[in-house]
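*Asks:* Okay, so here is structure_23.txt, and as you'll see once you scroll down, it has compact mmCIF, C-alpha atoms and all ligand atoms.
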# COMPACT_ATOMS: atom_id res chain seq x y z
CA MET A 14 25.97 -7.88 -22.11
CA THR A 15 26.27 -6.21 -18.70
CA ASP A 16 25.26 -7.84 -15.40
CA THR A 17 22.13 -5.75 -15.17
CA ASP A 18 21.14 -6.64 -18.73
CA SER A 19 21.44 -10.33 -17.97
CA LEU A 20 19.41 -9.98 -14.76
CA ALA A 21 16.74 -8.07 -16.61
CA SER A 22 16.41 -10.64 -19.34
CA GLU A 23 16.27 -13.55 -16.89
CA PHE A 24 13.41 -11.85 -15.15
CA ASP A 25 11.67 -11.20 -18.45
CA ALA A 26 12.03 -14.87 -19.31
CA TRP A 27 10.40 -15.87 -16.02
CA PHE A 28 7.40 -13.67 -16.77
CA ASP A 29 7.24 -14.92 -20.35
CA GLN A 30 6.82 -18.52 -19.17
CA ALA A 31 3.27 -17.53 -18.35
CA THR A 32 0.65 -19.71 -19.89
CA ALA A 33 -2.10 -17.44 -18.66
CA VAL A 34 -1.55 -13.71 -18.47
CA ASP A 35 -3.12 -11.77 -15.63
CA THR A 36 -4.58 -8.33 -15.73
CA LEU A 37 -4.17 -6.16 -12.69
CA ASP A 38 -7.32 -4.68 -11.26
CA ASP A 39 -7.22 -1.23 -9.77
CA PRO A 40 -8.80 -1.71 -6.37
CA ALA A 41 -10.13 1.11 -4.25
CA PRO A 42 -8.41 1.94 -0.96
CA ALA A 43 -9.86 -0.05 1.96
CA THR A 44 -10.73 0.76 5.55
CA LEU A 45 -8.70 -1.14 8.13
CA ASP A 46 -10.43 -1.74 11.42
CA ALA A 47 -8.44 -3.15 14.34
CA ARG A 48 -10.68 -4.49 17.11
CA ALA A 49 -9.35 -5.24 20.58
CA VAL A 50 -5.93 -6.27 19.28
CA SER A 51 -3.59 -7.63 21.95
CA ALA A 52 -0.10 -8.92 21.16
CA TRP A 53 2.52 -10.94 22.99
CA PHE A 54 6.14 -11.97 22.51
CA GLY A 55 6.23 -15.20 24.51
CA ASP A 56 4.51 -14.29 27.78
CA HIS A 57 5.39 -10.58 27.45
CA LYS A 58 2.21 -8.74 26.57
CA VAL A 59 3.08 -5.62 24.56
CA LEU A 60 -0.33 -4.44 23.32
CA ASP A 61 -3.60 -4.44 25.23
CA ARG A 62 -6.93 -4.44 23.41
CA VAL A 63 -6.08 -1.76 20.86
CA SER A 64 -9.01 -0.68 18.70
CA LEU A 65 -8.54 1.76 15.85
CA THR A 66 -10.31 2.49 12.58
CA MET A 67 -8.00 3.62 9.77
CA PRO A 68 -10.37 5.08 7.15
CA ALA A 69 -10.06 4.36 3.43
CA GLY A 70 -8.02 6.87 1.45
CA GLN A 71 -6.71 8.67 4.52
CA VAL A 72 -3.29 8.82 6.20
CA THR A 73 -3.30 7.64 9.82
CA ALA A 74 -0.15 8.34 11.88
CA LEU A 75 0.80 6.17 14.87
CA ILE A 76 2.76 8.22 17.38
CA GLY A 77 4.15 7.58 20.87
CA PRO A 78 7.40 7.03 22.77
CA SER A 79 9.86 4.29 21.97
CA GLY A 80 8.76 0.79 23.00
CA CYS A 81 5.02 1.54 23.30
CA GLY A 82 4.12 -1.00 20.60
CA LYS A 83 3.58 1.10 17.46
CA SER A 84 5.64 -1.17 15.19
CA THR A 85 4.12 -4.29 16.72
CA PHE A 86 0.64 -2.91 16.11
CA LEU A 87 1.57 -2.04 12.51
CA ARG A 88 2.85 -5.58 11.98
CA THR A 89 -0.40 -7.09 13.26
CA LEU A 90 -2.18 -5.22 10.44
CA ASN A 91 -0.74 -7.39 7.67
CA ARG A 92 0.02 -10.59 9.59
CA MET A 93 3.75 -9.95 9.92
CA HIS A 94 3.64 -10.24 13.71
CA GLU A 95 3.02 -13.98 13.45
CA LEU A 96 6.36 -14.43 11.64
CA VAL A 97 8.21 -13.82 14.94
CA PRO A 98 8.79 -17.09 16.81
CA LYS A 99 6.62 -17.30 19.97
CA ALA A 100 4.65 -14.21 18.99
CA SER A 101 0.88 -14.40 19.48
CA LEU A 102 -2.15 -12.22 18.99
CA ALA A 103 -5.78 -11.77 20.02
CA GLY A 104 -8.48 -9.63 18.43
CA GLU A 105 -9.55 -8.95 14.88
CA VAL A 106 -8.26 -6.90 11.95
CA LEU A 107 -10.93 -6.19 9.37
CA LEU A 108 -10.08 -5.10 5.83
CA ASP A 109 -13.37 -3.64 4.59
CA ASP A 110 -15.25 -5.91 7.01
CA VAL A 111 -13.33 -9.11 6.21
CA ASP A 112 -11.13 -10.45 9.03
CA ILE A 113 -7.60 -10.94 7.63
CA TYR A 114 -7.01 -13.56 10.36
CA ASP A 115 -10.02 -15.65 9.37
CA ALA A 116 -8.91 -19.28 8.99
CA SER A 117 -10.20 -19.39 5.42
CA ARG A 118 -8.01 -16.45 4.35
CA ARG A 119 -4.52 -16.96 2.97
CA ILE A 120 -1.69 -15.06 4.57
CA THR A 121 -0.30 -14.13 1.13
CA ASP A 122 -3.63 -12.55 0.25
CA ALA A 123 -3.46 -10.27 3.30
CA ARG A 124 0.13 -9.29 2.49
CA ARG A 125 -0.71 -8.51 -1.13
CA GLN A 126 -3.61 -6.26 -0.18
CA ILE A 127 -1.75 -4.66 2.72
CA GLY A 128 1.79 -3.70 1.64
CA MET A 129 4.62 -2.51 3.83
CA VAL A 130 7.57 -0.12 3.57
CA PHE A 131 10.28 -0.40 6.22
CA GLN A 132 12.61 2.01 8.06
CA LYS A 133 15.62 1.16 5.98
CA PRO A 134 15.15 1.04 2.20
CA ASN A 135 15.54 -2.60 1.16
CA PRO A 136 15.64 -2.86 -2.65
CA PHE A 137 17.36 -5.88 -4.18
CA PRO A 138 20.68 -4.07 -4.75
CA ALA A 139 21.96 -6.02 -7.76
CA MET A 140 18.58 -6.20 -9.48
CA SER A 141 17.69 -3.53 -12.03
CA ILE A 142 15.39 -0.66 -11.12
CA GLN A 143 12.58 -2.01 -13.30
CA ASP A 144 12.94 -5.54 -11.95
CA ASN A 145 12.85 -4.22 -8.39
CA VAL A 146 9.47 -2.71 -9.21
CA LEU A 147 8.21 -5.98 -10.68
CA ALA A 148 9.72 -8.27 -8.04
CA GLY A 149 6.65 -8.36 -5.79
CA LEU A 150 4.46 -9.49 -8.65
CA GLY A 151 6.60 -12.58 -9.02
CA LEU A 152 6.13 -13.38 -5.34
CA THR A 153 2.37 -13.15 -5.65
CA GLY A 154 2.56 -15.52 -8.64
CA ARG A 155 1.05 -13.12 -11.17
CA LYS A 156 2.33 -12.80 -14.69
CA LEU A 157 1.86 -9.86 -17.02
CA ASP A 158 2.68 -9.43 -20.68
CA ARG A 159 5.58 -7.13 -21.58
CA ALA A 160 3.49 -4.12 -22.54
CA SER A 161 1.58 -4.28 -19.24
CA ARG A 162 4.85 -4.61 -17.32
CA THR A 163 6.30 -1.56 -19.06
CA ASP A 164 3.16 0.42 -18.25
CA LEU A 165 3.19 -0.77 -14.64
CA VAL A 166 6.84 0.22 -14.12
CA GLU A 167 6.15 3.75 -15.42
CA GLU A 168 2.88 4.10 -13.51
CA THR A 169 4.22 3.01 -10.12
CA LEU A 170 7.51 4.89 -10.40
CA THR A 171 5.50 7.99 -11.31
CA LYS A 172 3.21 7.53 -8.31
CA ALA A 173 6.25 7.04 -6.07
CA GLY A 174 7.71 10.30 -7.43
CA LEU A 175 10.78 8.64 -8.98
CA TRP A 176 10.01 8.28 -12.68
CA THR A 177 11.68 11.42 -14.03
CA GLU A 178 14.87 10.65 -12.09
CA VAL A 179 15.24 7.05 -13.33
CA LYS A 180 13.38 6.73 -16.64
CA ASP A 181 16.64 6.74 -18.63
CA ARG A 182 18.35 4.09 -16.48
CA LEU A 183 15.70 1.50 -15.71
CA ARG A 184 18.13 -1.35 -16.35
CA GLN A 185 20.72 -0.08 -13.91
CA ALA A 186 21.00 -1.64 -10.46
CA GLY A 187 18.61 -0.44 -7.74
CA GLY A 188 21.53 -0.38 -5.29
CA GLY A 189 23.07 2.51 -7.24
CA LEU A 190 20.33 4.94 -6.21
CA SER A 191 20.55 7.36 -3.28
CA GLY A 192 18.88 6.36 0.01
CA GLY A 193 15.84 8.54 -0.66
CA GLN A 194 15.52 7.22 -4.21
CA GLN A 195 15.83 3.65 -2.93
CA GLN A 196 12.98 4.28 -0.48
CA ARG A 197 10.81 5.64 -3.32
CA LEU A 198 11.78 2.55 -5.36
CA CYS A 199 10.54 0.39 -2.46
CA ILE A 200 7.28 2.35 -2.43
CA ALA A 201 6.92 1.73 -6.21
CA ARG A 202 7.61 -1.99 -5.62
CA SER A 203 4.86 -2.09 -2.98
CA LEU A 204 2.42 -0.26 -5.26
CA ALA A 205 3.04 -2.65 -8.17
CA VAL A 206 0.97 -5.41 -6.55
CA ARG A 207 -1.93 -2.95 -6.21
CA PRO A 208 -2.31 -2.90 -2.43
CA ARG A 209 -5.39 -1.41 -0.84
CA VAL A 210 -3.43 -0.31 2.22
CA LEU A 211 0.23 0.71 2.60
CA LEU A 212 1.88 0.39 6.01
CA MET A 213 4.98 2.53 6.55
CA ASP A 214 7.27 1.98 9.56
CA GLU A 215 9.28 5.17 10.04
CA PRO A 216 9.98 5.36 6.29
CA CYS A 217 12.12 8.50 6.58
CA SER A 218 14.21 7.66 9.64
CA ALA A 219 17.26 6.76 7.53
CA LEU A 220 16.91 9.74 5.18
CA ASP A 221 18.20 13.31 4.98
CA PRO A 222 15.74 16.24 5.26
CA THR A 223 15.43 16.76 1.49
CA SER A 224 14.67 13.08 0.83
CA THR A 225 12.29 13.13 3.79
CA ARG A 226 10.28 15.99 2.27
CA ARG A 227 10.18 14.18 -1.06
CA ILE A 228 8.77 11.02 0.58
CA GLU A 229 6.24 13.12 2.50
CA GLN A 230 5.11 14.67 -0.78
CA THR A 231 4.78 11.15 -2.21
CA ILE A 232 2.66 10.06 0.77
CA THR A 233 0.34 13.01 0.29
CA GLU A 234 -0.02 12.26 -3.43
CA LEU A 235 -0.67 8.55 -2.83
CA ALA A 236 -3.37 8.97 -0.23
CA ASN A 237 -6.23 9.04 -2.74
CA ASP A 238 -5.17 5.70 -4.20
CA VAL A 239 -4.25 3.74 -1.10
CA THR A 240 -4.99 3.92 2.61
CA ILE A 241 -1.77 4.77 4.49
CA VAL A 242 -0.79 3.95 8.07
CA ILE A 243 2.55 5.45 9.10
CA VAL A 244 4.62 5.11 12.27
CA THR A 245 6.61 8.25 12.94
CA HIS A 246 8.62 9.79 15.77
CA ASN A 247 8.60 13.13 14.00
CA MET A 248 5.71 15.26 15.23
CA GLN A 249 6.11 17.79 12.41
CA GLN A 250 5.92 14.94 9.95
CA ALA A 251 2.75 13.58 11.58
CA GLN A 252 1.21 17.04 11.27
CA ARG A 253 2.34 17.47 7.67
CA VAL A 254 1.22 14.13 6.25
CA SER A 255 -1.58 12.66 8.36
CA ASP A 256 -5.33 13.16 8.47
CA ARG A 257 -5.68 11.25 11.73
CA CYS A 258 -3.36 10.32 14.60
CA ALA A 259 -3.35 7.66 17.31
CA PHE A 260 -1.21 8.23 20.41
CA PHE A 261 0.19 5.01 21.93
CA LEU A 262 1.65 4.73 25.43
CA ALA A 263 2.98 1.89 27.59
CA GLU A 264 2.96 3.25 31.14
CA ALA A 265 5.13 1.81 33.91
CA GLY A 266 5.61 -1.67 32.55
CA THR A 267 2.04 -2.05 31.29
CA PRO A 268 1.35 -3.15 27.69
CA GLY A 269 0.95 -0.47 25.04
CA ALA A 270 -2.51 1.01 24.55
CA ILE A 271 -4.05 3.95 22.72
CA VAL A 272 -4.49 6.99 24.95
CA GLU A 273 -6.30 9.06 22.37
CA HIS A 274 -6.96 9.17 18.65
CA GLY A 275 -8.70 11.53 16.27
CA PRO A 276 -8.20 14.11 13.53
CA THR A 277 -4.56 15.26 13.51
CA GLN A 278 -5.44 18.91 13.98
CA ASP A 279 -7.45 18.11 17.14
CA MET A 280 -4.70 15.87 18.51
CA PHE A 281 -2.16 18.68 18.21
CA GLU A 282 -4.27 21.76 18.92
CA ASN A 283 -6.88 20.47 21.32
CA PRO A 284 -5.89 17.11 22.81
CA GLN A 285 -8.32 15.72 25.39
CA ASP A 286 -5.77 13.88 27.51
CA PRO A 287 -2.91 15.74 29.27
CA ARG A 288 -0.52 12.90 28.36
CA THR A 289 -1.23 13.51 24.67
CA SER A 290 -0.61 17.22 25.15
CA ASP A 291 2.69 16.54 26.95
CA TYR A 292 3.84 14.15 24.22
CA VAL A 293 2.94 16.22 21.16
CA ASN A 294 4.50 19.27 22.78
CA GLY A 295 7.76 17.42 23.37
CA ARG A 296 7.54 17.31 27.18
CA PHE A 297 8.39 13.58 27.21
CA GLY A 298 9.28 10.69 24.93
N1 LIG B 1 10.93 -9.50 18.17
C1 LIG B 1 10.69 -9.17 19.43
N2 LIG B 1 10.86 -10.06 20.44
C2 LIG B 1 10.59 -9.73 21.72
N3 LIG B 1 10.13 -8.52 22.11
C3 LIG B 1 9.94 -7.60 21.14
C4 LIG B 1 10.19 -7.86 19.77
N4 LIG B 1 9.91 -6.75 19.06
C5 LIG B 1 9.49 -5.83 19.95
N5 LIG B 1 9.50 -6.34 21.20
C6 LIG B 1 9.09 -5.63 22.42
O1 LIG B 1 7.75 -5.18 22.24
C7 LIG B 1 7.58 -3.89 22.82
C8 LIG B 1 7.03 -2.95 21.76
O2 LIG B 1 8.03 -2.77 20.75
P1 LIG B 1 7.76 -1.98 19.40
O3 LIG B 1 8.97 -2.10 18.55
O4 LIG B 1 6.46 -2.41 18.85
O5 LIG B 1 7.60 -0.50 19.96
P2 LIG B 1 7.67 0.88 19.16
O6 LIG B 1 6.69 1.79 19.82
O7 LIG B 1 7.51 0.64 17.72
O8 LIG B 1 9.16 1.33 19.48
P3 LIG B 1 10.15 2.25 18.60
O9 LIG B 1 9.46 3.58 18.48
O10 LIG B 1 11.39 2.32 19.43
O11 LIG B 1 10.36 1.57 17.28
C9 LIG B 1 8.92 -3.48 23.40
O12 LIG B 1 8.91 -3.79 24.77
C10 LIG B 1 9.90 -4.35 22.65
O13 LIG B 1 11.03 -4.61 23.44
Transcribe the structure of this file into structure tokens.
Ligand SMILES: Nc1ncnc2c1ncn2[C@@H]1O[C@H](COP(=O)(O)OP(=O)(O)OP(=O)(O)O)[C@@H](O)[C@H]1O
*Replies:*
Amino acid sequence: MTDTDSLASEFDAWFDQATAVDTLDDPAPATLDARAVSAWFGDHKVLDRVSLTMPAGQVTALIGPSGCGKSTFLRTLNRMHELVPKASLAGEVLLDDVDIYDASRRITDARRQIGMVFQKPNPFPAMSIQDNVLAGLGLTGRKLDRASRTDLVEETLTKAGLWTEVKDRLRQAGGGLSGGQQQRLCIARSLAVRPRVLLMDEPCSALDPTSTRRIEQTITELANDVTIVIVTHNMQQAQRVSDRCAFFLAEAGTPGAIVEHGPTQDMFENPQDPRTSDYVNGRFG
């Protein structure tokens, strides 16, 4: 028995301990509505009353120069900001009208419904490809029978655009894939818990141009199933993948705020604010 075989069977055994077997629903994409979100690290205020609606089933790109608070804003959208020691927050984030920060809501519930993909692909390197896909389910405490797991692995790897490349080696280690394939594996892992929103923090910044285009294609294909919010420094990418854009700026030591937001085509072809025009045309940042 190889290492990957033994890992795979351990994981299977964990799932098979289930006394009750769950079925996964197929939820519709949700609208995320940030209302007057401010964020601090200690006494350093980095976001000031940011309000933005990210419509269901659309791709919203967050753009702006380095340090203007895009990643911080993204992390307020699924309660990851509060993991940083001394970080604090004001405002509301509504997922289809329900405040994810409401005291009666569990943090794990928000994270399950609002998944995240990071800059650097972070699969579990020694874990098999199929177990990487299923790993998030374990964390949310849900157990599926074997047939449902097999279906879920195929479905999510297909949606992430990776199935045909890995279907004959599902029990091999995730760490053996290329960087672009690893990022698509991480997207499949996020999709396996059936999120309603997927947050992506510069998901292509560690990838070559070919892998980048493949991920962009995946984003476009996913948009009907899940609302996507993506941070990107690449203006061509924002134009290629997003329906809407929000331009963030932190001017002269002030906290980050949104200068302008709207349909991507308007933001690039007919921006209302000269600072937006300067930024999207590469004159600063
Ligand atoms: N963990 C942290 N502790 C303290 N300050 C932080 C932390 N993370 C970010 N900051 C500060 O918050 C501000 C916003 O950072 P953030 O990473 O959100 O900006 P960004 O627009 O995403 O930047 P980039 O495009 O370079 O990733 C910056 O001043 C940054 O130094």
*Asks:* Can you tell me which residues sit at most 9 Å away from ligand LIG 1 (chain B), counting only C-alpha atoms and all ligand atoms, written as a ChimeraX atom specification?
*Replies:* /A:52-55,57-60,75-88,94,97-100,214-215,244-246,261-263,266,268-269
*Asks:* What does the distance between atom CA of Glu167 of chain A and atom CA of Thr73 of chain A come to in Å, to one decimal place?
*Replies:*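 According to the coordinates, atom CA of Glu167 of chain A and atom CA of Thr73 of chain A are separated by 27.2 Å.
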*Asks:* Which residues are close to Val106 of chain A, i.e. within 8 Å by all atoms listed in the file, leaving aside same-chain residues fewer than 3 positions away? Reply as a PyMOL selection string.
*Replies:* chain A and resi 45-48+50+89-90+111-114
*Asks:* Which value, in Å to one decimal, gives the distance between atom CA of Ala103 of chain A and atom CA of Val239 of chain A?
*Replies:* 26.2 Å
*Asks:* If I take atom CA of Val272 of chain A and atom CA of Val254 of chain A, how far is one from the other in Å, to one decimal?
*Replies:*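 Those two atoms sit 20.8 Å apart.
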*Asks:* From the set A:Asn247, A:Ser141, A:Asn237, A:Asn294, which residue has the shortest atom-to-atom contact distance to Val72 of chain A, counting all atoms listed in the file?
*Replies:* A:Asn237
*Asks:* As JSON, please: the centre and edge lengths in Å, to one decimal, of an axis-aligned box enclosing every listed atom of segment 55-72 of chain A with 5 Å added on each side.
*Replies:*
{"center_x": -2.1, "center_y": -3.2, "center_z": 14.6, "size_x": 26.6, "size_y": 34.0, "size_z": 36.3}
*Asks:* Here is a test: counting all atoms listed in the file, which residue of A:Thr171, A:Gln126, A:Gln143, A:Asn135 is nearest to Gly193 of chain A?
*Replies:*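 With all atoms listed in the file as the atom set, the closest residue is A:Asn135.
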*Asks:* Measuring atom to atom with all atoms listed in the file, identify which of A:Arg197, A:Arg92, A:Arg202, A:Arg209 is nearest to Val166 of chain A.
*Replies:*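 Looking at the shortest contact to Val166 of chain A, the residue is A:Arg202.
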*Asks:* List the spatial neighbours of Gln71 of chain A as a list in words - criterion: any atom at most 8 Å away, all atoms listed in the file, same-chain residues fewer than 5 positions off excluded.
*Replies:*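 The residues satisfying every condition are Ala236, Asn237, Val239, Thr240, Ile241, Ser255, Asp256 and Arg257 of chain A.
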*Asks:* Do you know which residues are at most 8 Å from Gln132 of chain A counting all atoms listed in the file, after dropping those on the same chain fewer than 5 positions away, and could you put them as a ChimeraX atom specification?
*Replies:* /A:213-219
*Asks:* Could you list, with a cut-off of 10 Å and counting all atoms listed in the file, the residues of segment 194-219 of chain A near segment 182-187 of chain A, each shown with its nearest atom pair and the distance in Å rounded to one decimal, rows sorted by chain and ascending number, as CSV?
*Replies:*
residue,atom,partner,partner_atom,distance
A:Gln194,CA,A:Gly187,CA,9.0
A:Gln195,CA,A:Gly187,CA,6.9
A:Leu198,CA,A:Gly187,CA,7.8
A:Cys199,CA,A:Gly187,CA,9.7
*Asks:* Let's have the selection written as a PDB file, keeping the file's coordinate frame, with C-alpha atoms.
*Replies:*
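Full text of part_38.pdb as output:
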ATOM      1  CA  GLN A 194      15.520   7.220  -4.210  1.00  0.00           C
ATOM      2  CA  GLN A 195      15.830   3.650  -2.930  1.00  0.00           C
ATOM      3  CA  LEU A 198      11.780   2.550  -5.360  1.00  0.00           C
ATOM      4  CA  CYS A 199      10.540   0.390  -2.460  1.00  0.00           C
TER       5      CYS A 199
END
*Asks:* For Pro222 of chain A, which residue out of A:Gly192, A:Ile271, A:Leu152, A:Gln278 is the nearest one, using all atoms listed in the file?
*Replies:*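 The answer is A:Gly192, which sits nearest to Pro222 of chain A.
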*Asks:* For Ala201 of chain A, list every protein, DNA or RNA residue within 8 Å, evaluated using all atoms listed in the file, and leave out those in the same chain fewer than 6 positions away; present the list as a PDB file with C-alpha atoms, in the frame of the given file.
*Replies:*
ATOM      1  CA  VAL A 146       9.470  -2.710  -9.210  1.00  0.00           C
ATOM      2  CA  THR A 169       4.220   3.010 -10.120  1.00  0.00           C
ATOM      3  CA  LEU A 170       7.510   4.890 -10.400  1.00  0.00           C
ATOM      4  CA  LYS A 172       3.210   7.530  -8.310  1.00  0.00           C
ATOM      5  CA  ALA A 173       6.250   7.040  -6.070  1.00  0.00           C
TER       6      ALA A 173
END
*Asks:* Could you name the residues that touch Arg253 of chain A at 10 Å or less, counting all atoms listed in the file, but leaving out those on the same chain fewer than 5 positions away, as a ChimeraX atom specification?
*Replies:* /A:226,229-230,233,247-248,277
